[in-house]
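> Sharing a structure with you now.
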Amino acid sequence: MAIHFSIERSGRRFRARADNGDAFFVGFETSFAERSTGETFEGLFNTPTRDLPKLIYKADGARPSFGFWADFIEPTSHCEGGNFLTLNTYDRAKFTWGFGQFAAHVPDGDFIHFFRDLLDRPEAADYFPNLRVENARIVKVEGDNLIPMETAQSTRPLMDFLNPTTTAIEDTEVIASAKMIHWAANVVDARNLQVLHMVGAFKRLMREADGRLGLDGETADICLVICDIRHQGRAKFAAMQEALASSNPLAALLELGAHAFPDRIRTLKKEVQDRSELLGGKRWNRSSGGFV
Amino acid sequence: MGIEEKLLNVANGEWTRWGFSVIPLHARRVIGGTERAPPFVNFVNDYWKIVGNPDRNGRSPFPWSAAFVSFCFKAAGADTKFPYRGGHFDYCAQILKHRDTFAALELTDPEIAVLAPGDLIWAARGGRDCPSPPTSHGAALADLRNGRWFCSHADIVVAQRDGEADVIGGNVSDSVTKTTYVTVNGRIRDPRHVWLAVIKNSL
């Protein structure tokens, strides 16, 4: 039975109720100007705020399932805010979700893979009753018709479904955000699914980076910073290659993007430092596709 | 001598026949044959015959994953010791109701049960016209006892490694597909589904 969501607005603050239950925080209105294009975006964000429940990703909880990978993704999760309920709808991705900040604009990307699996869970009927996965693609059900929401080339219909425009905050956008927050807050495995996909994303990033940079035998701290750079997209392989060839590769990698993203780099440095013993003791092993 | 080895051979043989469809953990899925295309459309007919629906095939509008499970147990020689049905709910209800007849099959709590090759893992699923499914083992057993039907799916466990289990199931991405799931200490812990039971198989 589909859950009914209603919206409440107070100034810049949006809240929602599920089936007339207690109001819960969804996000604040914000605007953002992209420096490179001059475009202005309007949307929601919800971290860091005190209004959001503190559902923070912790490696301890995921280690039984994913071993060292649970630790490997933790620094980046902290750089992204760490909260399973993290949301932003104010940039060109239109909808970015979770502690791994999976973005909806990438065809066959992290968000799409995650959302397909989420829609395969039975609670999907409560949250998105008109969406389902058909032939491994997300579709919208309209009567007898199945409308494709994503292809190998585009996710535009799904982005528009979740967030119709980036020039205003629409009810549709707030409701979609409220549904994701309510689902993740109330169903443990909706959160565990984020972990599964974050680990999967980092395994893929590691394989790709190894293919381009030759990382076999490299320590996990260096690999982690490379994965974080790739996850955020703040530097290209050529710059990372140059950093790896320097006398202090870890320090050089941590310098990439330091001017544009000083807060993130500061957090990442601290996270890596705090785990120096663990990360320094593990090395990437190409043949097994893991750290040994 | 049990039927486990034969059951695994049958399941793996069907998986091979369908072109090695896989849904790996953390890698791209690759689907071989699909239900509507020849010759696979008729492979589905082989499964339906086992549960008394010889007119159905891969183009019939019915989920065929339970028919696939029934086919595998029949071909493995389970004889009268498996309740062959076209729905997972239905054979699970039979196992629960006729414990003496199906004594070698037991619906166990997936929170506790350690998987072994030859077991079935049973999960809730949603879908068009599906009522809200149970979200726990206890609730699933209560629904089986009360005849409160819901949509579900089950796969046959074919391999178990540290932290992972491989299962083979029918009507998974329209194929017979090997899927890899996350396990912890041999117990199913994959968040992609709501797990209702491990059907321990000592046939």
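Order determines the names: the first chain of the structure tokens is A, the second B, and so forth; residues in each chain are numbered 1 upward, and ligands are numbered 1 upward as they are shown.
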If we count only C-alpha atoms and set the cut-off at 10 Å, which residues sit around His113 in chain A, ignoring sequence neighbours fewer than 4 positions away in its own chain? Please answer as a ChimeraX atom specification.
/A:102,104,107-109,117-118,136-138,197,200-201 /B:28
> Starting from chain B, keep only residues with some atom at most 7 Å from an atom of chain A, counting only C-alpha atoms, and report them as a PyMOL selection string.
chain B and resi 26+124-126+163+173+182-184+191-193
> Mind checking DSSP for range 60-154 of chain B and telling me the strand (DSSP E) residues as an mmCIF file with C-alpha atoms, in the first residue's frame?

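Below is the file that was written, out.cif:
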```
data_model
loop_
_atom_site.group_PDB
_atom_site.id
_atom_site.type_symbol
_atom_site.label_atom_id
_atom_site.label_comp_id
_atom_site.auth_asym_id
_atom_site.auth_seq_id
_atom_site.Cartn_x
_atom_site.Cartn_y
_atom_site.Cartn_z
ATOM 1 C CA LEU B 105 13.005 -30.203 4.026
ATOM 2 C CA GLU B 106 12.807 -27.615 6.783
ATOM 3 C CA LEU B 107 11.914 -23.929 6.703
ATOM 4 C CA THR B 108 14.534 -22.322 8.933
ATOM 5 C CA LEU B 120 16.885 -23.106 -1.071
ATOM 6 C CA ILE B 121 16.841 -19.454 -0.046
ATOM 7 C CA TRP B 122 13.385 -17.928 -0.070
ATOM 8 C CA ALA B 123 12.792 -14.176 -0.363
ATOM 9 C CA ALA B 124 9.803 -11.835 -0.511
ATOM 10 C CA SER B 152 8.098 -14.579 -3.460
ATOM 11 C CA HIS B 153 11.120 -16.124 -5.075
ATOM 12 C CA ALA B 154 13.618 -18.877 -4.255
#
```
> Show which residues sit within 10 Å of Gly290 in chain A, as a list in words. Count only C-alpha atoms, and ignore same-chain residues fewer than 3 positions away.
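Close residues of Gly290 in chain A: Phe68, Trp69, Lys203, Met206, Arg207, Lys282, Arg283, Trp284, Asn285, Arg286 and Ser287 of chain A.
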> Determine which residues of range 75-216 of chain A receive a DSSP assignment of alpha helix (DSSP H), computed from the backbone, and state them as JSON, numbers by chain.
{"A": [75, 76, 77, 78, 79, 110, 111, 112, 113, 114, 115, 116, 117, 118, 119, 120, 124, 125, 126, 127, 156, 157, 158, 159, 160, 161, 162, 171, 172, 173, 174, 175, 176, 177, 178, 179, 180, 181, 182, 183, 184, 185, 186, 188, 189, 190, 191, 192, 193, 194, 195, 196, 197, 198, 199, 200, 201, 202, 203, 204, 205, 206, 207, 208, 209, 210, 211, 212, 213]}
> Between A:His182, A:Lys236, A:Leu44, A:Asp221, which one has atoms that come closest to Asp274 in chain A, using only C-alpha atoms?
A:Asp221
> Pick out the residues sitting within 7 Å of Thr34 in chain B, and hand them over as a ChimeraX atom specification; count only C-alpha atoms, and ignore anything fewer than 2 positions along from it in its own chain.
/B:32,36-37,40,174-175
> Restricting it to N, CA and C atoms, dump the selection as a PDB file, in the first residue's frame.

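Printed below is part27.pdb as written:
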```pdb
ATOM      1  N   GLY B  32      22.441 -14.505 -20.656  1.00  0.00           N
ATOM      2  CA  GLY B  32      22.519 -15.308 -21.878  1.00  0.00           C
ATOM      3  C   GLY B  32      21.156 -15.428 -22.533  1.00  0.00           C
ATOM      4  N   ARG B  36      11.687 -15.599 -23.794  1.00  0.00           N
ATOM      5  CA  ARG B  36      10.787 -15.513 -24.948  1.00  0.00           C
ATOM      6  C   ARG B  36      11.438 -15.994 -26.244  1.00  0.00           C
ATOM      7  N   ALA B  37      12.768 -16.172 -26.208  1.00  0.00           N
ATOM      8  CA  ALA B  37      13.498 -16.518 -27.436  1.00  0.00           C
ATOM      9  C   ALA B  37      13.653 -18.035 -27.566  1.00  0.00           C
ATOM     10  N   PHE B  40      14.919 -21.230 -25.730  1.00  0.00           N
ATOM     11  CA  PHE B  40      14.695 -21.099 -24.276  1.00  0.00           C
ATOM     12  C   PHE B  40      13.201 -21.106 -23.912  1.00  0.00           C
ATOM     13  N   ASP B 174      14.750 -12.915 -16.570  1.00  0.00           N
ATOM     14  CA  ASP B 174      14.157 -13.681 -17.680  1.00  0.00           C
ATOM     15  C   ASP B 174      15.023 -14.845 -18.131  1.00  0.00           C
ATOM     16  N   SER B 175      15.853 -15.359 -17.261  1.00  0.00           N
ATOM     17  CA  SER B 175      16.778 -16.418 -17.644  1.00  0.00           C
ATOM     18  C   SER B 175      16.934 -17.385 -16.475  1.00  0.00           C
TER      19      SER B 175
END
```
